[in-house]
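Right, one structure below, let's go through it.
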Amino acid sequence: MARPLVLNPDRLFPADPAVRDLTRALYATVRDLPIVSPHGHTDPAWFAGNAPFGDAAELLLRPDHYVFRMLYSQGVSLDALGIGPAKATYDPRAAWRIFADHWHLFRGTPSRMWLDWVFAEAFGFTEMLGPDTADQYFETITAALASEAFRPRALFDRFNIEVIATTESPLDTLEHHAAVMAENARPGGWQGRVITAYRPDPVIDPEFEGFRANLDRFSALTGEDCLTWPGYLAAHRQRRAFFARHGATSTDHGHPTALTADLAPAEAAALFAKVVAGDFTAAEAELFRAQMLTEMAGMSLDDGLVMQLHPGSFRNHNASLFARYGRDKGADIPTRTDYVHALKPLLDRYGNEAGLTLIVFTLDESVYARELAPLTGHYPCLRLGPAWWFHDSPEGMRRFRLATTETAGFYNTVGFNDDTRAFLSIPARHDLARRIDCGFLAGLVAEHRLTDWEAAELAVELTYTLAKKAYKL
């Protein structure tokens with residue numbers, strides 16, 4: 001039997017009536033502010049081509065590793081969901097029915113909150129997803145996606161997105177971003193701002209699959225000899241400038257750890273020669289990644305690109321799943337992370353440079369209060385990225401504010417990063433963050449730690465202004 005789908009207007013607000021009233025008032029001031037999405041993984045081809053999304057499964061199930069990782073954990077085959085090689089032959093309606101049959105698995109999870117918002121707000125459903133409504137959902141969503149109102153650009157405008165950053169490798173030609181820029185420049189053309197971010201992991205990590213071949217492609221793209229240390233560094237500078245011309249204001253580094261190094265030039269060149277030759281140990285691969293973080297910081301000081309670092313993930317932990325289906329299939333698992341010692345070589349060199357912005361994230365919540373808040377509350381170059389990835393959840397956001405505010409304050413943080421691949425979840429995630437932050441601020445007002453006007457200013461800062469400032473948007 002179908003159950004009603006109702007979004008309570010007070011969802012996520014504090015239970016205390018007085019604090020809830022304060023939260024409502026704060027939320028009303030930021031609810032409709034534009035969305036700034038400075039760190040994400042949406043496909044720029046969506047906005048360049050503006051083609052319809054396809055069907056319900058293609059939009060909401062297959063791209064979202066939060067969703068299919070939960071299904072996989074309960075024994076659902078990824079092949080049945082059209083993940084990986086199975087995409088060519090899977091039945092999207094059958095995959096959607098599997099999803100609906102297992103909807104109960106998402107009770108209490110952030111995915112449930114995001115998707116309920118999408119179902120109710122974007123598509124107007126009034127009954128909950130389940131076995132009895134699976135076909136209705138699939139047909140209604142799929143029909144809507146065929147309309148002009150659900151094309152990528154129309155949704156971008158409907159959701160009041162001011163700017164969205166995608167993430168590309170240095171080996172990407174950025175033709176989709178060039179197409180969007182050309183459309184922006186055309187008289188009467190669409191004005192949505194879609195920018196890129198420089199993610200150099202495939203040509204920085206010696207253990208990245210195809211690393212040596214990637215260096216050859218890096219050489220071909222830049223005309224530099226990327227098998228020599230000077231040519232390799234010159235190629236990075238060239239591609240960074242190319243990315244900046246296509247809107248990039250940031251770089252993005254997904255290293256296993258936060259380790260940095262500051263080797264002498266001759267030592268760095270010798271290490272690079274070992275890496276190129278493929279004659280290196282795991283420790284030497286880690287040292288090379290560490291050196292490249294410091295090199296990237298120096299380049300950021302020169303060209304102004306904001307630097308993002310988010311270590312602490314054991315990526316592709318499920319080896320057999322990785323072998324069959326590839327990266328980003330829900331098996332990236334948080335690990336213990338050290339920042340205090342790991343960042344010191346970079347900070348010794350650049351930590352006092354106010355012209356550098358290094359935004360640090362973590363999957364290891366235990367270091368929020370012990371390491372990250374004290375570091376970002378001291379070094380001029382550091383800013384703290386908020387609850388992200390596994391922690392972009394109601395409780396994760398509350399824990400972040402509780403652990404970091406006393407030491408780092410609010411103004412050493414950078415707003416909310418949605419880090420999504422599923423386009424329609426972006427407004428849902430931002431709405432969730434706005435509700436949680438307003439509840440936190442209301443609690444401080446109720447405890448007489450903030451005045452009401454300070455909380456109102458901070459609500460706008462946390463929702464909109466801090467992200468624009470930190471990412472130079």
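Numbering starts fresh at 1 for the residues of each chain in the structure tokens, the chains themselves are lettered A, B, ... in the order given, and ligands are numbered from 1 as they appear.
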
Compile a residue-level contact table for range 164-202 of chain A against range 25-40 of chain A at a cut-off of 10 Å, reporting for every qualifying residue the shortest atom pair and its distance in Å to one decimal, with only C-alpha atoms counted, rows ordered by chain and ascending number, as a Markdown table.
| residue | atom | partner | partner_atom | distance |
| --- | --- | --- | --- | --- |
| A:Ile164 | CA | A:Ser37 | CA | 4.6 |
| A:Ala165 | CA | A:Pro38 | CA | 4.9 |
| A:Thr166 | CA | A:Gly40 | CA | 5.3 |
| A:Thr167 | CA | A:Gly40 | CA | 6.5 |
| A:Val194 | CA | A:Ser37 | CA | 9.7 |
| A:Ile195 | CA | A:Pro38 | CA | 8.8 |
| A:Thr196 | CA | A:His39 | CA | 9.3 |
| A:Ala197 | CA | A:His39 | CA | 8.0 |

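Nearest to Ile204 in chain A of all the residues A:Arg245, A:Arg158, A:Thr251, A:Arg289 is A:Arg289, counting only C-alpha atoms.
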
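Within range 68-193 of chain A, the backbone-based DSSP assignment of strand (DSSP E) covers Ile161, Glu162, Val163, Ile164, Ala165 and Arg193 of chain A.
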
Which is closest to Ala213 in chain A among A:Leu259, A:Thr126, A:Gly278, A:Val6, if we use only C-alpha atoms?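 Under the stated criterion, the closest residue is A:Gly278.
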
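Between CA of Ala269 in chain A and CA of Gly254 in chain A the interatomic distance comes to 22.8 Å.
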
What residues in range 190-404 of chain A get the DSSP label helix (DSSP H, G or I)? Please answer as an MDAnalysis selection string. chainID A and resid 201:204 211:222 229:245 265:277 282:303 319:325 344:350 367:376 389:391 394:404

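Between CA of Ala56 in chain A and CA of Thr142 in chain A the interatomic distance comes to 5.3 Å.
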